[in-house]
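**Student:** Can you read through this structure? Questions will come right after.
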Amino acid sequence: MSLDDSELPRTEDEWRVRLSPEEFRVLREHGTEAPWSGEYVDTKTPGVYHCRACGLELFASDAKFDSHCGWPSFDDAIPGRVREVEDRSMGMVRTEIRCARCDSHLGHVFTGEGFTPKDTRHCVNSVSLRLEPRDT
Ligand SMILES: [Zn+2]
């Protein structure tokens, strides 16, 4: 259920009617779901994770790994689908990640933690994602 560019909401009010209150809070107001609360924290199902707001394919399940941080974690994004933005909120300098297409908030990206050979952790809110399981 990917939206055409012409169908993408143009205003926050249009997003508000399209998303649940929790989806709106995280995706459009840069919120964070509580750790361990998201539906995809421990998911191992093969497939592709789409942006919950616009349907763009963002992460392959192959890139998902157990970070034990309480949010779904991926060591790579599908090229060109995720935009990085400096985030200076909460007294820290972090790198926020957003959907490259609809600019919705996904989470943050961290490097240098040594979890995987790619040494990168895209820490993403479950509520920002929708898993489309691969046909087997
Ligand atoms: Zn999107």
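Residues are referred to by chain and number: the chain letter is A, B, ... according to the order shown in the structure tokens, the number counts from 1 in that chain, and ligands are numbered separately from 1 in the order shown.
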Which residues are near ligand 1 - at most 7 Å, using only C-alpha atoms and all ligand atoms? Format: as a PDB file with C-alpha atoms, in the first residue's frame.

**Tutor:**
ATOM      1  CA  CYS A  51       7.442   3.399   6.043  1.00  0.00           C
ATOM      2  CA  ARG A  52       4.139   3.256   7.967  1.00  0.00           C
ATOM      3  CA  ALA A  53       3.254   6.733   6.733  1.00  0.00           C
ATOM      4  CA  CYS A  54       3.829   6.500   2.971  1.00  0.00           C
ATOM      5  CA  GLY A  55       4.680   2.849   2.267  1.00  0.00           C
ATOM      6  CA  LEU A  56       8.208   3.362   0.931  1.00  0.00           C
ATOM      7  CA  CYS A  99      11.849   8.601   5.452  1.00  0.00           C
ATOM      8  CA  ALA A 100      13.448  10.118   2.341  1.00  0.00           C
ATOM      9  CA  ARG A 101      10.063  10.367   0.651  1.00  0.00           C
ATOM     10  CA  CYS A 102       7.574  11.728   3.192  1.00  0.00           C
ATOM     11  CA  ASP A 103      10.044  13.106   5.767  1.00  0.00           C
ATOM     12  CA  SER A 104       8.434  11.178   8.616  1.00  0.00           C
TER      13      SER A 104
END

**Student:** What parts of range 5-115 of chain A does DSSP call strand (DSSP E)? I'd like the answer as an NGL selection string.

**Tutor:** :A and (47-51 or 57-60 or 64-65 or 73-74 or 82-87 or 94-99 or 105-111)

**Student:** Just checking: using only C-alpha atoms, which residue out of A:Lys64, A:His105, A:Arg134, A:His122 ends up closest to Glu33 in chain A?

**Tutor:**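 Looking only at the distances to Glu33 in chain A, the closest residue turns out to be A:His105.
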
**Student:** I'd like to know which residues of chain A are alpha helix (DSSP H) (by DSSP, run on the backbone); could you write them as a list in words?

**Tutor:**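 Taking chain A and keeping alpha helix (DSSP H) only, one gets Glu12, Asp13, Glu14, Trp15, Arg16, Val17, Arg18, Pro21, Glu22, Glu23, Phe24, Arg25, Val26 and Leu27 of chain A.
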
**Student:** With distances taken over only C-alpha atoms, which residue among A:Tyr40, A:Phe74, A:Phe115, A:Trp15 lies nearest Leu27 in chain A?

**Tutor:**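 The answer is A:Trp15, which sits nearest to Leu27 in chain A.
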
**Student:** Figure out the distance between CA of Leu19 in chain A and CA of Ala77 in chain A, please, to one decimal in Å.

**Tutor:**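 For CA of Ala77 in chain A relative to CA of Leu19 in chain A, the distance reads 23.4 Å.
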
**Student:** Identify which of the residues A:Leu106, A:Ala63, A:Cys123, A:Leu58 lies closest to Glu29 in chain A, counting only C-alpha atoms when measuring atom-to-atom distances.

**Tutor:**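 Of A:Leu106, A:Ala63, A:Cys123, A:Leu58, the one nearest Glu29 in chain A is A:Leu106, counting only C-alpha atoms.
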
**Student:** Please measure the separation of CA of Phe65 in chain A and CA of Met90 in chain A, giving the value in Å to one decimal.

**Tutor:** 26.5 Å
